[in-house]
Amino acid sequence: MKKILIIAAVFLGIVLLTNLANRVPADNGSGISFSLKAQKVVACSPKEIVLVDPHQKATRLDKDDTWPDCSAFQPDTPEDFYLSRGAKTKFERRESTAWWRKAM
């Protein structure tokens, strides 16, 4: 009888802890990371940026506060952008595009 009560108490404790853990809101992490390679900045404003790849396909992104000032981008210089998606696009870093990627 004692064993049954202990097992029942442990089971109810696990159910209670699971219920409490499910009520805790998830943190709003930075989202899914992605990269855009060999992109040129064609338009930039405080709220959005437009990038164009070597095949002339444009990508418009809503910016958050992590992006550098628009004057930091050279319009004719292709760069690799490393970003993450959340409510808005978060800037992680950028690098110079490899020479062989510029030629593609």
# chains A, B, ... in the order shown; residues from 1 in each chain; ligands from 1

$ residues_around --residues "range 47-51 of chain A" --least-positions-apart "3" --cutoff "10 Å" --atoms "only C-alpha atoms" --output "JSON, numbers by chain"
{"A": [36, 38, 39, 40, 41, 42, 43, 44, 56, 57, 58, 59, 60, 61, 62, 63, 64, 65, 67, 70, 75, 78, 79, 81, 88, 89]}

$ write_last_selection --atoms "C-alpha atoms" --output "PDB file, in the first residue's frame"
ATOM      1  CA  LEU A  36      22.738  35.856 -48.327  1.00  0.00           C
ATOM      2  CA  ALA A  38      27.289  38.081 -52.950  1.00  0.00           C
ATOM      3  CA  GLN A  39      24.629  40.706 -52.277  1.00  0.00           C
ATOM      4  CA  LYS A  40      24.791  44.388 -53.233  1.00  0.00           C
ATOM      5  CA  VAL A  41      22.830  47.008 -51.318  1.00  0.00           C
ATOM      6  CA  VAL A  42      20.594  48.921 -53.747  1.00  0.00           C
ATOM      7  CA  ALA A  43      18.319  50.714 -51.267  1.00  0.00           C
ATOM      8  CA  CYS A  44      18.588  51.353 -47.565  1.00  0.00           C
ATOM      9  CA  GLN A  56      19.510  40.516 -60.287  1.00  0.00           C
ATOM     10  CA  LYS A  57      17.014  38.986 -57.858  1.00  0.00           C
ATOM     11  CA  ALA A  58      16.036  41.547 -55.223  1.00  0.00           C
ATOM     12  CA  THR A  59      15.444  40.718 -51.558  1.00  0.00           C
ATOM     13  CA  ARG A  60      13.671  43.241 -49.300  1.00  0.00           C
ATOM     14  CA  LEU A  61      14.217  42.864 -45.564  1.00  0.00           C
ATOM     15  CA  ASP A  62      12.646  44.637 -42.579  1.00  0.00           C
ATOM     16  CA  LYS A  63      15.509  45.757 -40.327  1.00  0.00           C
ATOM     17  CA  ASP A  64      15.732  45.821 -36.541  1.00  0.00           C
ATOM     18  CA  ASP A  65      18.107  47.929 -34.395  1.00  0.00           C
ATOM     19  CA  TRP A  67      21.860  46.803 -38.401  1.00  0.00           C
ATOM     20  CA  CYS A  70      23.147  52.794 -44.172  1.00  0.00           C
ATOM     21  CA  PRO A  75      26.537  50.100 -53.319  1.00  0.00           C
ATOM     22  CA  PRO A  78      29.180  42.533 -53.097  1.00  0.00           C
ATOM     23  CA  GLU A  79      29.125  41.209 -49.538  1.00  0.00           C
ATOM     24  CA  PHE A  81      25.351  38.843 -45.071  1.00  0.00           C
ATOM     25  CA  LYS A  88      12.300  41.606 -38.104  1.00  0.00           C
ATOM     26  CA  THR A  89      15.600  40.615 -39.677  1.00  0.00           C
TER      27      THR A  89
END

$ residues_around --residues "Ser84 in chain A" --least-positions-apart "6" --cutoff "9 Å" --atoms "only C-alpha atoms" --output "list of chain:residue names"
A:Ser30, A:Gly31, A:Ile32, A:Ser33, A:Phe34, A:Ser35, A:Lys90, A:Phe91, A:Glu92

$ write_last_selection --atoms "all heavy atoms" --output "mmCIF file, in the first residue's frame"
data_model
loop_
_atom_site.group_PDB
_atom_site.id
_atom_site.type_symbol
_atom_site.label_atom_id
_atom_site.label_comp_id
_atom_site.auth_asym_id
_atom_site.auth_seq_id
_atom_site.Cartn_x
_atom_site.Cartn_y
_atom_site.Cartn_z
ATOM 1 N N SER A 30 16.372 34.739 -31.471
ATOM 2 C CA SER A 30 16.643 35.448 -32.703
ATOM 3 C C SER A 30 16.058 34.743 -33.922
ATOM 4 O O SER A 30 16.015 35.327 -34.993
ATOM 5 C CB SER A 30 18.148 35.622 -32.876
ATOM 6 O OG SER A 30 18.758 34.362 -32.951
ATOM 7 N N GLY A 31 15.618 33.521 -33.786
ATOM 8 C CA GLY A 31 14.989 32.842 -34.906
ATOM 9 C C GLY A 31 15.971 32.012 -35.703
ATOM 10 O O GLY A 31 17.022 31.615 -35.231
ATOM 11 N N ILE A 32 15.638 31.804 -36.935
ATOM 12 C CA ILE A 32 16.421 30.941 -37.811
ATOM 13 C C ILE A 32 17.518 31.752 -38.486
ATOM 14 O O ILE A 32 17.265 32.796 -39.069
ATOM 15 C CB ILE A 32 15.501 30.304 -38.875
ATOM 16 C CG1 ILE A 32 14.450 29.447 -38.185
ATOM 17 C CG2 ILE A 32 16.304 29.504 -39.870
ATOM 18 C CD1 ILE A 32 13.391 28.932 -39.108
ATOM 19 N N SER A 33 18.739 31.269 -38.396
ATOM 20 C CA SER A 33 19.860 31.948 -39.038
ATOM 21 C C SER A 33 19.924 31.568 -40.509
ATOM 22 O O SER A 33 19.622 30.442 -40.888
ATOM 23 C CB SER A 33 21.172 31.557 -38.361
ATOM 24 O OG SER A 33 21.200 32.040 -37.049
ATOM 25 N N PHE A 34 20.311 32.536 -41.322
ATOM 26 C CA PHE A 34 20.477 32.287 -42.746
ATOM 27 C C PHE A 34 21.521 33.258 -43.276
ATOM 28 O O PHE A 34 21.930 34.194 -42.591
ATOM 29 C CB PHE A 34 19.148 32.424 -43.501
ATOM 30 C CG PHE A 34 18.562 33.805 -43.499
ATOM 31 C CD1 PHE A 34 18.720 34.641 -44.587
ATOM 32 C CD2 PHE A 34 17.830 34.269 -42.411
ATOM 33 C CE1 PHE A 34 18.179 35.913 -44.601
ATOM 34 C CE2 PHE A 34 17.277 35.529 -42.404
ATOM 35 C CZ PHE A 34 17.452 36.363 -43.504
ATOM 36 N N SER A 35 21.963 33.008 -44.497
ATOM 37 C CA SER A 35 22.959 33.895 -45.099
ATOM 38 C C SER A 35 22.547 34.234 -46.526
ATOM 39 O O SER A 35 21.883 33.445 -47.200
ATOM 40 C CB SER A 35 24.341 33.250 -45.091
ATOM 41 O OG SER A 35 24.336 32.076 -45.854
ATOM 42 N N LYS A 90 17.412 40.317 -38.121
ATOM 43 C CA LYS A 90 18.499 40.726 -37.225
ATOM 44 C C LYS A 90 19.827 40.570 -37.958
ATOM 45 O O LYS A 90 20.081 39.561 -38.604
ATOM 46 C CB LYS A 90 18.488 39.850 -35.979
ATOM 47 C CG LYS A 90 19.580 40.185 -35.009
ATOM 48 C CD LYS A 90 19.555 39.265 -33.808
ATOM 49 C CE LYS A 90 20.748 39.556 -32.925
ATOM 50 N NZ LYS A 90 20.867 38.604 -31.848
ATOM 51 N N PHE A 91 20.662 41.576 -37.860
ATOM 52 C CA PHE A 91 21.977 41.567 -38.475
ATOM 53 C C PHE A 91 22.962 40.888 -37.536
ATOM 54 O O PHE A 91 23.071 41.257 -36.370
ATOM 55 C CB PHE A 91 22.419 43.014 -38.746
ATOM 56 C CG PHE A 91 23.766 43.137 -39.368
ATOM 57 C CD1 PHE A 91 23.920 43.030 -40.734
ATOM 58 C CD2 PHE A 91 24.885 43.383 -38.594
ATOM 59 C CE1 PHE A 91 25.167 43.162 -41.321
ATOM 60 C CE2 PHE A 91 26.130 43.512 -39.159
ATOM 61 C CZ PHE A 91 26.278 43.401 -40.534
ATOM 62 N N GLU A 92 23.677 39.871 -38.028
ATOM 63 C CA GLU A 92 24.701 39.213 -37.219
ATOM 64 C C GLU A 92 26.094 39.675 -37.624
ATOM 65 O O GLU A 92 26.873 40.107 -36.796
ATOM 66 C CB GLU A 92 24.561 37.699 -37.311
ATOM 67 C CG GLU A 92 23.293 37.211 -36.632
ATOM 68 C CD GLU A 92 23.111 35.717 -36.708
ATOM 69 O OE1 GLU A 92 23.993 35.015 -37.247
ATOM 70 O OE2 GLU A 92 22.072 35.253 -36.229
#

$ select_by_dssp --residues "chain A" --states "helix (DSSP H, G or I)" --output "list in words"
Lys2, Lys3, Ile4, Leu5, Ile6, Ile7, Ala8, Ala9, Val10, Phe11, Leu12, Gly13, Ile14, Val15, Leu16, Leu17, Thr18, Asn19, Leu20, Ala21, Asn22, Arg23, Cys70, Ser71, Ala72, Trp99, Trp100, Arg101 and Lys102 of chain A

$ closest_residue --among "A:Thr77, A:Ser96, A:Thr18, A:Ser71" --to "Ser45 in chain A" --atoms "only C-alpha atoms"
A:Ser71

$ closest_residue --among "A:His55, A:Ile4, A:Ala87, A:Tyr82" --to "Arg101 in chain A" --atoms "only C-alpha atoms"
A:His55

$ select_by_dssp --residues "chain A" --states "strand (DSSP E or B)" --output "ChimeraX atom specification"
/A:32-44,48-52,58-63,79-85,89-96
